[in-house]
$ cat query.tsv   # TSV, C-alpha atoms
chain	number	residue	atom	x	y	z
A	1086	MET	CA	9.51	-0.72	-5.52
A	1087	VAL	CA	7.61	-4.01	-5.59
A	1088	GLU	CA	8.22	-4.27	-9.34
A	1089	ALA	CA	11.99	-3.81	-8.89
A	1090	ILE	CA	12.25	-6.25	-5.98
A	1091	PHE	CA	10.22	-8.76	-7.99
A	1092	ASN	CA	12.38	-8.35	-11.12
A	1093	ASP	CA	15.87	-7.71	-9.71
A	1094	GLY	CA	15.74	-9.19	-6.21
A	1095	LEU	CA	16.04	-7.03	-3.11
A	1096	ASP	CA	19.74	-7.77	-2.59
A	1097	ASN	CA	20.57	-6.39	-6.04
A	1098	LEU	CA	18.63	-3.19	-5.49
A	1099	THR	CA	21.60	-0.95	-4.69
A	1100	GLY	CA	23.48	1.89	-6.40
A	1101	ALA	CA	22.38	2.60	-9.96
A	1102	ARG	CA	19.57	0.01	-9.81
A	1103	LEU	CA	18.17	1.61	-6.67
A	1104	GLU	CA	18.32	5.03	-8.29
A	1105	THR	CA	16.56	3.77	-11.42
A	1106	MET	CA	13.81	2.24	-9.28
A	1107	LEU	CA	13.29	5.48	-7.32
A	1108	LYS	CA	13.13	7.54	-10.52
A	1109	ARG	CA	10.58	5.16	-12.00
A	1110	ALA	CA	8.53	5.34	-8.80
A	1111	ALA	CA	8.67	9.15	-8.87
A	1112	LYS	CA	7.47	9.19	-12.45
A	1113	ALA	CA	4.68	6.69	-11.75
A	1114	ALA	CA	3.53	8.80	-8.79
A	1115	ALA	CA	3.56	11.97	-10.88
A	1116	ILE	CA	1.52	10.37	-13.66
A	1117	THR	CA	-0.98	8.93	-11.17
A	1118	VAL	CA	-1.63	12.21	-9.37
A	1119	SER	CA	-2.02	14.03	-12.69
A	1120	ARG	CA	-5.14	11.95	-13.34
A	1121	VAL	CA	-8.55	11.78	-11.78
A	1122	GLY	CA	-8.99	8.80	-9.44
A	1123	ALA	CA	-6.31	6.14	-8.98
A	1124	ASN	CA	-5.28	5.28	-12.51
A	1125	PRO	CA	-1.64	4.14	-12.43
A	1126	PRO	CA	0.51	4.08	-15.60
A	1127	THR	CA	1.49	1.16	-17.80
A	1128	SER	CA	5.10	0.19	-18.60
A	1129	GLU	CA	4.87	2.05	-21.93
A	1130	GLU	CA	3.87	5.28	-20.17
A	1131	LEU	CA	6.89	4.96	-17.87
A	1132	GLU	CA	9.45	4.62	-20.67
B	1355	MET	CA	7.39	-16.13	-13.70
B	1356	GLY	CA	6.31	-15.78	-10.13
B	1357	GLN	CA	3.34	-14.09	-8.62
B	1358	VAL	CA	2.94	-11.15	-6.28
B	1359	TRP	CA	0.40	-11.28	-3.49
B	1360	ILE	CA	-1.14	-8.05	-2.25
B	1361	ALA	CA	-3.06	-8.21	1.01
B	1362	GLY	CA	-5.12	-5.35	2.37
B	1363	GLU	CA	-8.15	-3.20	1.77
B	1364	VAL	CA	-10.15	-2.14	-1.20
B	1365	LEU	CA	-12.73	0.37	-0.03
B	1366	ILE	CA	-14.91	3.17	-1.29
B	1367	ASP	CA	-13.84	6.79	-0.91
B	1368	LEU	CA	-16.86	9.07	-0.79
B	1369	ILE	CA	-15.41	12.22	-2.29
B	1370	PRO	CA	-17.12	15.63	-2.03
B	1371	GLU	CA	-18.67	16.80	-5.26
B	1372	GLY	CA	-20.75	19.91	-4.82
B	1373	VAL	CA	-23.24	19.21	-2.04
B	1374	ASP	CA	-23.02	15.48	-2.75
B	1375	ARG	CA	-20.37	12.78	-2.48
B	1376	LYS	CA	-19.16	10.59	-5.29
B	1377	PRO	CA	-18.06	6.96	-4.68
B	1378	VAL	CA	-14.57	6.16	-5.95
B	1379	VAL	CA	-12.76	2.85	-5.52
B	1380	GLY	CA	-9.78	3.35	-3.23
B	1381	GLY	CA	-7.56	1.74	-0.63
B	1382	GLY	CA	-3.76	1.77	-0.76
B	1383	PRO	CA	-3.29	-1.97	-1.34
B	1384	ALA	CA	-5.93	-2.02	-4.09
B	1385	ASN	CA	-4.14	0.82	-5.85
B	1386	THR	CA	-0.84	-1.04	-5.55
B	1387	ALA	CA	-2.43	-4.17	-7.01
B	1388	LYS	CA	-3.80	-2.18	-9.96
B	1389	ALA	CA	-0.43	-0.49	-10.52
B	1390	LEU	CA	1.53	-3.76	-10.54
B	1391	SER	CA	-0.94	-5.52	-12.72
B	1392	LYS	CA	-0.80	-2.70	-15.27
B	1393	LEU	CA	2.98	-3.15	-15.32
B	1394	GLY	CA	2.42	-6.72	-16.46
B	1395	ILE	CA	3.08	-8.47	-13.16
B	1396	ASP	CA	0.95	-11.47	-12.20
B	1397	THR	CA	-0.89	-10.08	-9.15
B	1398	GLN	CA	-3.31	-11.73	-6.73
B	1399	PHE	CA	-5.32	-9.49	-4.42
B	1400	ILE	CA	-6.10	-11.03	-1.03
B	1401	GLU	CA	-9.08	-9.34	0.60
B	1402	GLY	CA	-12.70	-9.61	1.62
B	1403	ILE	CA	-15.03	-8.12	-0.99
B	1404	SER	CA	-18.67	-7.37	-0.30
B	1405	SER	CA	-21.55	-8.44	-2.53
B	1406	ASP	CA	-23.04	-4.94	-2.13
B	1407	VAL	CA	-23.01	-2.37	-4.92
B	1408	TYR	CA	-19.71	-0.87	-3.71
B	1409	GLY	CA	-18.10	-4.31	-3.60
B	1410	GLN	CA	-19.22	-4.87	-7.18
B	1411	MET	CA	-17.63	-1.54	-8.17
B	1412	ALA	CA	-14.39	-2.53	-6.46
B	1413	LYS	CA	-14.34	-5.95	-8.07
B	1414	LYS	CA	-14.98	-4.53	-11.53
B	1415	GLU	CA	-12.22	-1.96	-11.20
B	1416	LEU	CA	-9.66	-4.53	-10.03
B	1417	VAL	CA	-10.57	-7.03	-12.73
B	1418	THR	CA	-10.44	-4.31	-15.40
B	1419	SER	CA	-6.85	-3.57	-14.37
B	1420	GLY	CA	-6.00	-7.26	-14.68
B	1421	VAL	CA	-5.76	-8.02	-10.97
B	1422	LYS	CA	-6.50	-11.66	-10.11
B	1423	LEU	CA	-9.05	-12.34	-7.37
B	1424	ASP	CA	-8.67	-16.10	-6.90
B	1425	TYR	CA	-8.22	-15.81	-3.14
B	1426	VAL	CA	-10.88	-13.19	-2.46
B	1427	LYS	CA	-13.41	-13.95	0.27
B	1428	TYR	CA	-16.83	-12.76	-0.86
B	1429	SER	CA	-19.42	-11.94	1.77
B	1430	ASP	CA	-22.72	-10.16	2.40
B	1431	LYS	CA	-21.16	-7.81	4.94
B	1432	PRO	CA	-20.93	-4.22	3.68
B	1433	THR	CA	-17.93	-2.49	2.07
B	1434	CYS	CA	-15.84	-0.13	4.20
B	1435	LEU	CA	-16.58	3.51	3.37
B	1436	ALA	CA	-14.10	6.34	3.74
B	1437	ILE	CA	-15.99	9.61	3.99
B	1438	VAL	CA	-13.59	12.23	2.69
B	1439	SER	CA	-13.82	15.89	3.65
B	1440	LEU	CA	-11.67	18.67	2.24
B	1441	ASN	CA	-10.72	21.72	4.27
B	1442	ASP	CA	-10.25	25.26	2.91
B	1443	LEU	CA	-6.71	24.40	1.80
B	1444	GLY	CA	-7.82	21.27	-0.04
B	1445	ALA	CA	-6.28	18.85	2.48
B	1446	ALA	CA	-8.29	15.67	2.99
B	1447	THR	CA	-9.53	14.27	6.27
B	1448	TYR	CA	-11.20	10.88	6.55
B	1449	GLU	CA	-13.95	9.29	8.57
B	1450	PHE	CA	-14.12	5.51	8.20
B	1451	VAL	CA	-17.00	3.10	8.55
B	1452	ILE	CA	-15.09	-0.06	9.47
B	1453	LYS	CA	-16.94	-2.28	11.93
B	1454	ASN	CA	-18.41	-5.54	10.62
B	1455	THR	CA	-17.39	-4.82	7.03
B	1456	ALA	CA	-16.31	-7.41	4.48
B	1457	THR	CA	-13.25	-5.23	3.89
B	1458	PHE	CA	-11.47	-5.98	7.18
B	1459	ASP	CA	-12.87	-9.48	7.69
B	1460	PHE	CA	-9.56	-11.36	7.62
B	1461	THR	CA	-9.76	-14.85	9.14
B	1462	HIS	CA	-7.38	-17.79	9.04
B	1463	ASP	CA	-9.83	-20.11	7.31
B	1464	TRP	CA	-9.65	-18.39	3.90
B	1465	LEU	CA	-6.16	-16.90	3.65
B	1466	PRO	CA	-4.05	-18.81	1.08
B	1467	ASN	CA	-1.38	-21.31	2.05
B	1468	PRO	CA	2.07	-19.93	1.19
B	1469	GLN	CA	3.69	-23.34	1.47
B	1470	THR	CA	1.62	-24.83	-1.34
B	1471	ASP	CA	0.96	-21.71	-3.42
B	1472	ARG	CA	4.40	-20.07	-3.11
B	1473	PRO	CA	4.18	-16.36	-3.87
B	1474	SER	CA	7.32	-14.50	-5.03
B	1475	LEU	CA	6.55	-11.53	-2.82
B	1476	LEU	CA	3.87	-10.33	-0.39
B	1477	HIS	CA	2.98	-6.64	-0.28
B	1478	ILE	CA	0.93	-5.75	2.76
B	1479	GLY	CA	-0.67	-2.58	4.00
B	1480	THR	CA	-2.10	-0.13	4.78
B	1481	LEU	CA	-5.16	0.19	7.05
B	1482	ALA	CA	-5.67	-3.59	7.07
B	1483	ALA	CA	-2.24	-3.94	8.66
B	1484	VAL	CA	-3.31	-1.94	11.74
B	1485	ILE	CA	-7.08	-2.38	12.18
B	1486	GLU	CA	-7.87	-5.12	14.67
B	1487	PRO	CA	-8.85	-7.89	14.93
B	1488	GLY	CA	-7.98	-8.47	11.25
B	1489	ALA	CA	-4.49	-6.98	11.56
B	1490	SER	CA	-3.32	-9.63	14.02
B	1491	VAL	CA	-4.73	-12.39	11.81
B	1492	LEU	CA	-2.83	-10.93	8.86
B	1493	PHE	CA	0.32	-10.62	10.94
B	1494	ASP	CA	0.21	-14.28	12.02
B	1495	TRP	CA	-0.42	-15.33	8.45
B	1496	ALA	CA	2.32	-13.05	7.07
B	1497	GLN	CA	4.84	-14.64	9.43
B	1498	SER	CA	4.20	-17.92	7.66
B	1499	VAL	CA	4.49	-16.23	4.25
B	1500	ALA	CA	7.83	-14.66	5.28
B	1501	LYS	CA	9.39	-18.13	5.33
B	1502	PHE	CA	8.91	-18.33	1.57
B	1503	ALA	CA	8.87	-14.78	0.20
B	1504	PRO	CA	10.02	-11.25	1.06
B	1505	ILE	CA	7.43	-8.95	2.58
B	1506	VAL	CA	7.02	-5.33	1.53
B	1507	PHE	CA	5.18	-3.24	4.10
B	1508	ASP	CA	3.41	0.00	3.17
B	1509	SER	CA	2.35	2.12	6.16
B	1510	ASN	CA	0.11	5.02	5.02
B	1511	ILE	CA	-0.90	6.40	8.42
B	1512	ARG	CA	-4.52	7.44	8.97
B	1513	PRO	CA	-4.93	8.73	12.54
B	1514	ALA	CA	-8.71	8.45	12.04
B	1515	VAL	CA	-8.47	4.63	12.33
B	1516	VAL	CA	-6.15	4.39	15.35
B	1517	SER	CA	-6.02	7.73	17.14
B	1518	ASP	CA	-3.80	6.52	20.00
B	1519	ARG	CA	-0.26	7.29	18.83
B	1520	SER	CA	1.56	4.74	20.98
B	1521	LYS	CA	-0.85	2.00	19.85
B	1522	TYR	CA	-0.30	2.97	16.23
B	1523	VAL	CA	3.48	2.92	16.68
B	1524	ALA	CA	3.35	-0.58	18.21
B	1525	ARG	CA	1.12	-1.88	15.42
B	1526	VAL	CA	3.45	-0.49	12.74
B	1527	GLU	CA	6.69	-1.54	14.42
B	1528	ARG	CA	5.80	-5.23	14.65
B	1529	TRP	CA	5.60	-5.34	10.84
B	1530	LEU	CA	9.17	-4.08	10.59
B	1531	GLU	CA	10.43	-7.27	12.18
B	1532	ILE	CA	9.10	-9.48	9.39
B	1533	SER	CA	9.41	-7.07	6.44
B	1534	SER	CA	12.26	-6.97	3.94
B	1535	ALA	CA	11.33	-3.58	2.52
B	1536	VAL	CA	9.17	-0.68	3.70
B	1537	LYS	CA	7.52	2.29	2.02
B	1538	VAL	CA	6.63	5.19	4.30
B	1539	SER	CA	6.00	8.90	3.88
B	1540	GLU	CA	7.79	11.69	5.72
B	1541	ASP	CA	4.38	12.74	7.11
B	1542	ASP	CA	3.73	9.23	8.42
B	1543	ILE	CA	7.03	9.21	10.31
B	1544	LYS	CA	6.44	12.70	11.69
B	1545	TRP	CA	3.01	11.69	12.97
B	1546	LEU	CA	4.28	8.47	14.57
B	1547	TYR	CA	7.39	10.04	16.13
B	1548	PRO	CA	6.80	13.79	16.53
B	1549	SER	CA	9.93	14.33	18.60
B	1550	ILE	CA	12.46	12.29	16.57
B	1551	GLU	CA	14.21	13.34	13.35
B	1552	VAL	CA	13.03	11.42	10.27
B	1553	GLU	CA	16.57	10.19	9.49
B	1554	GLN	CA	16.93	8.86	13.01
B	1555	VAL	CA	13.67	6.92	12.74
B	1556	VAL	CA	14.81	5.41	9.44
B	1557	ASN	CA	18.10	4.29	11.00
B	1558	ASP	CA	16.23	2.78	13.95
B	1559	TRP	CA	13.86	0.96	11.60
B	1560	LEU	CA	16.74	-0.45	9.51
B	1561	ILE	CA	18.07	-2.11	12.65
B	1562	LYS	CA	14.69	-3.76	13.32
B	1563	GLY	CA	14.65	-5.80	10.10
B	1564	PRO	CA	14.02	-4.24	6.70
B	1565	SER	CA	17.02	-3.98	4.36
B	1566	LEU	CA	15.42	-1.19	2.29
B	1567	ILE	CA	13.23	1.70	3.44
B	1568	VAL	CA	11.87	4.12	0.86
B	1569	VAL	CA	10.69	7.42	2.33
B	1570	THR	CA	8.49	9.63	0.18
B	1571	TYR	CA	8.71	13.40	0.67
B	1572	GLY	CA	5.71	14.53	-1.39
B	1573	ASP	CA	6.72	17.05	-4.06
B	1574	LYS	CA	10.33	16.99	-2.80
B	1575	GLY	CA	10.97	13.46	-4.05
B	1576	LEU	CA	11.97	10.24	-2.34
B	1577	ILE	CA	14.94	8.59	-0.66
B	1578	GLY	CA	15.93	4.93	-0.68
B	1579	ASN	CA	17.71	3.99	2.54
B	1580	ARG	CA	19.82	0.91	3.22
B	1581	LYS	CA	22.19	0.38	6.12
B	1582	ASN	CA	25.20	1.65	4.18
B	1583	GLU	CA	23.57	3.57	1.39
B	1584	ARG	CA	21.26	6.50	0.85
B	1585	VAL	CA	19.99	7.36	-2.64
B	1586	SER	CA	17.86	10.45	-3.18
B	1587	VAL	CA	15.86	11.45	-6.26
B	1588	GLY	CA	13.72	14.51	-6.93
B	1589	ALA	CA	10.03	14.42	-7.68
B	1590	VAL	CA	9.00	14.32	-11.32
B	1591	LYS	CA	6.65	16.92	-12.76
B	1592	VAL	CA	4.12	15.70	-15.28
B	1593	LYS	CA	1.77	17.91	-17.22
B	1594	VAL	CA	-1.83	17.34	-16.21
B	1595	THR	CA	-3.30	15.55	-19.19
B	1596	GLU	CA	-6.79	14.74	-17.95
B	1597	LEU	CA	-9.32	16.66	-15.96
$ encode --input "query.tsv" --output "structure tokens"
Amino acid sequence: MVEAIFNDGLDNLTGARLETMLKRAAKAAAITVSRVGANPPTSEELE
Amino acid sequence: MGQVWIAGEVLIDLIPEGVDRKPVVGGGPANTAKALSKLGIDTQFIEGISSDVYGQMAKKELVTSGVKLDYVKYSDKPTCLAIVSLNDLGAATYEFVIKNTATFDFTHDWLPNPQTDRPSLLHIGTLAAVIEPGASVLFDWAQSVAKFAPIVFDSNIRPAVVSDRSKYVARVERWLEISSAVKVSEDDIKWLYPSIEVEQVVNDWLIKGPSLIVVTYGDKGLIGNRKNERVSVGAVKVKVTEL
């Protein structure tokens, strides 16, 4: 969410952009919990 | 390119391992800082870090992820410890050692000046936003940051740190008034407001200030809520690749 607000601006985070952000967040969360400790993914891993 | 500021705790989770406990660097804001930095965003972490062995661990882990520590206040006070216990079902409960730690030692004399240093965004949470007296110092400071940058508030409720529900609600709700966006879990909302529907709480919160509230529903996914819009996505399943 912070990444998307930083890149797109909060006012632009609606509709398709909001959905893309949520999907990316869901994927990042899934990758993080699949690992031991808190080891969040890089941009490449989220593509 | 601008810079993101993350304010809040980095602490040590003592996680059960056999009859022993293993120290692991944790804290919601620290994890957010690591995540953003790994995504290539210029990230400053604003926090007190101890010179003890746990503080060194925390510092090393943050630096390894690329997080900048230019504003960190180093001190000889100890690191906050979160003693984690797991019940029969694997659910975690926490006991925190908080008093007189470097971790929650927020004071006005070392917090950065938003007027001169101009962050693009401030992310603030999770325990540091509610544990006094530091929380009120952070709140005063964040009000000055809000003049220059949007604030993203991350709740992450831990009843072990503020067991009085009405106190916890008051400490969370004041952040809503100065935050542009909020991340909160369904469980957090249910603990704070046991007798109100989650959707109702979200609508009430949207009136208080934030223009976006993201609610996470564990393995059911997450919902982005704005005043006139509600976007829901399912959770993603990823194969466990490391053990």
$ interface_residues --input "query.tsv" --of "chain A" --to "chain B" --cutoff "8 Å" --atoms "all atoms listed in the file" --output "ChimeraX atom specification"
/A:1087-1088,1091,1095,1099-1100,1103-1104,1107-1108,1111-1112,1115-1116,1119-1128
$ atom_distance --input "query.tsv" --atom1 "atom CA of Gly1402 of chain B" --atom2 "atom CA of Val1569 of chain B"
28.9 Å
$ residues_near_point --input "query.tsv" --point "(-2.7, -11.5, -1.2)" --cutoff "10 Å" --atoms "all atoms listed in the file" --output "PyMOL selection string"
chain B and resi 1357-1362+1383+1387+1397-1401+1422-1426+1465-1466+1468+1473+1475-1478+1496
$ write_last_selection --input "query.tsv" --atoms "C-alpha atoms" --output "CSV table (one decimal), in the frame of the given file"
chain,number,residue,atom,x,y,z
B,1357,GLN,CA,3.3,-14.1,-8.6
B,1358,VAL,CA,2.9,-11.2,-6.3
B,1359,TRP,CA,0.4,-11.3,-3.5
B,1360,ILE,CA,-1.1,-8.0,-2.2
B,1361,ALA,CA,-3.1,-8.2,1.0
B,1362,GLY,CA,-5.1,-5.4,2.4
B,1383,PRO,CA,-3.3,-2.0,-1.3
B,1387,ALA,CA,-2.4,-4.2,-7.0
B,1397,THR,CA,-0.9,-10.1,-9.2
B,1398,GLN,CA,-3.3,-11.7,-6.7
B,1399,PHE,CA,-5.3,-9.5,-4.4
B,1400,ILE,CA,-6.1,-11.0,-1.0
B,1401,GLU,CA,-9.1,-9.3,0.6
B,1422,LYS,CA,-6.5,-11.7,-10.1
B,1423,LEU,CA,-9.0,-12.3,-7.4
B,1424,ASP,CA,-8.7,-16.1,-6.9
B,1425,TYR,CA,-8.2,-15.8,-3.1
B,1426,VAL,CA,-10.9,-13.2,-2.5
B,1465,LEU,CA,-6.2,-16.9,3.6
B,1466,PRO,CA,-4.0,-18.8,1.1
B,1468,PRO,CA,2.1,-19.9,1.2
B,1473,PRO,CA,4.2,-16.4,-3.9
B,1475,LEU,CA,6.6,-11.5,-2.8
B,1476,LEU,CA,3.9,-10.3,-0.4
B,1477,HIS,CA,3.0,-6.6,-0.3
B,1478,ILE,CA,0.9,-5.8,2.8
B,1496,ALA,CA,2.3,-13.0,7.1
$ atom_distance --input "query.tsv" --atom1 "atom CA of Pro1564 of chain B" --atom2 "atom CA of Trp1529 of chain B"
9.4 Å
$ atom_distance --input "query.tsv" --atom1 "atom CA of Asp1374 of chain B" --atom2 "atom CA of Gly1409 of chain B"
20.4 Å
$ closest_residue --input "query.tsv" --among "B:Val1407, B:Val1499, B:Val1538, B:Leu1546" --to "Asp1518 of chain B" --atoms "all atoms listed in the file"
B:Leu1546
$ closest_residue --input "query.tsv" --among "B:Ile1369, B:Ile1561, B:Val1364, B:Val1484" --to "Glu1531 of chain B" --atoms "all atoms listed in the file"
B:Ile1561
$ closest_residue --input "query.tsv" --among "B:Asn1467, B:Leu1440, B:Lys1431, B:Tyr1448" --to "Gly1372 of chain B" --atoms "all atoms listed in the file"
B:Leu1440
$ residues_near_point --input "query.tsv" --point "(-13.5, 7.0, 1.6)" --cutoff "10 Å" --atoms "all atoms listed in the file" --output "list in words"
Leu1365, Ile1366, Asp1367, Leu1368, Ile1369, Arg1375, Lys1376, Pro1377, Val1378, Val1379, Gly1380, Gly1381, Cys1434, Leu1435, Ala1436, Ile1437, Val1438, Ser1439, Thr1447, Tyr1448, Glu1449, Phe1450 and Val1451 of chain B
$ residues_around --input "query.tsv" --residues "Ala1089 of chain A" --least-positions-apart "3" --cutoff "10 Å" --atoms "all atoms listed in the file" --output "PyMOL selection string"
chain A and resi 1086+1092-1095+1097-1098+1102-1103+1105-1107+1109-1110
$ decode --input "query.tsv" --residues "segment 1105-1116 of chain A" --atoms "N, CA and C atoms" --output "PDB file, in the first residue's frame"
ATOM      1  N   THR A1105      -4.986  -3.588  -8.432  1.00  0.00           N
ATOM      2  CA  THR A1105      -3.609  -4.039  -8.677  1.00  0.00           C
ATOM      3  C   THR A1105      -2.782  -3.972  -7.390  1.00  0.00           C
ATOM      4  N   MET A1106      -2.944  -2.882  -6.654  1.00  0.00           N
ATOM      5  CA  MET A1106      -2.213  -2.718  -5.396  1.00  0.00           C
ATOM      6  C   MET A1106      -2.578  -3.827  -4.408  1.00  0.00           C
ATOM      7  N   LEU A1107      -3.872  -4.113  -4.287  1.00  0.00           N
ATOM      8  CA  LEU A1107      -4.317  -5.125  -3.320  1.00  0.00           C
ATOM      9  C   LEU A1107      -3.790  -6.513  -3.706  1.00  0.00           C
ATOM     10  N   LYS A1108      -3.792  -6.788  -5.017  1.00  0.00           N
ATOM     11  CA  LYS A1108      -3.286  -8.094  -5.473  1.00  0.00           C
ATOM     12  C   LYS A1108      -1.800  -8.231  -5.183  1.00  0.00           C
ATOM     13  N   ARG A1109      -1.081  -7.145  -5.402  1.00  0.00           N
ATOM     14  CA  ARG A1109       0.368  -7.153  -5.133  1.00  0.00           C
ATOM     15  C   ARG A1109       0.627  -7.340  -3.633  1.00  0.00           C
ATOM     16  N   ALA A1110      -0.186  -6.680  -2.828  1.00  0.00           N
ATOM     17  CA  ALA A1110      -0.050  -6.820  -1.371  1.00  0.00           C
ATOM     18  C   ALA A1110      -0.342  -8.253  -0.936  1.00  0.00           C
ATOM     19  N   ALA A1111      -1.365  -8.850  -1.557  1.00  0.00           N
ATOM     20  CA  ALA A1111      -1.734 -10.234  -1.211  1.00  0.00           C
ATOM     21  C   ALA A1111      -0.595 -11.184  -1.572  1.00  0.00           C
ATOM     22  N   LYS A1112       0.016 -10.935  -2.724  1.00  0.00           N
ATOM     23  CA  LYS A1112       1.111 -11.796  -3.144  1.00  0.00           C
ATOM     24  C   LYS A1112       2.328 -11.612  -2.224  1.00  0.00           C
ATOM     25  N   ALA A1113       2.625 -10.367  -1.900  1.00  0.00           N
ATOM     26  CA  ALA A1113       3.762 -10.091  -1.011  1.00  0.00           C
ATOM     27  C   ALA A1113       3.557 -10.770   0.340  1.00  0.00           C
ATOM     28  N   ALA A1114       2.318 -10.705   0.854  1.00  0.00           N
ATOM     29  CA  ALA A1114       2.019 -11.332   2.147  1.00  0.00           C
ATOM     30  C   ALA A1114       2.204 -12.837   2.053  1.00  0.00           C
ATOM     31  N   ALA A1115       1.726 -13.414   0.955  1.00  0.00           N
ATOM     32  CA  ALA A1115       1.817 -14.869   0.795  1.00  0.00           C
ATOM     33  C   ALA A1115       3.274 -15.322   0.723  1.00  0.00           C
ATOM     34  N   ILE A1116       4.086 -14.556  -0.006  1.00  0.00           N
ATOM     35  CA  ILE A1116       5.509 -14.916  -0.118  1.00  0.00           C
ATOM     36  C   ILE A1116       6.181 -14.793   1.255  1.00  0.00           C
TER      37      ILE A1116
END
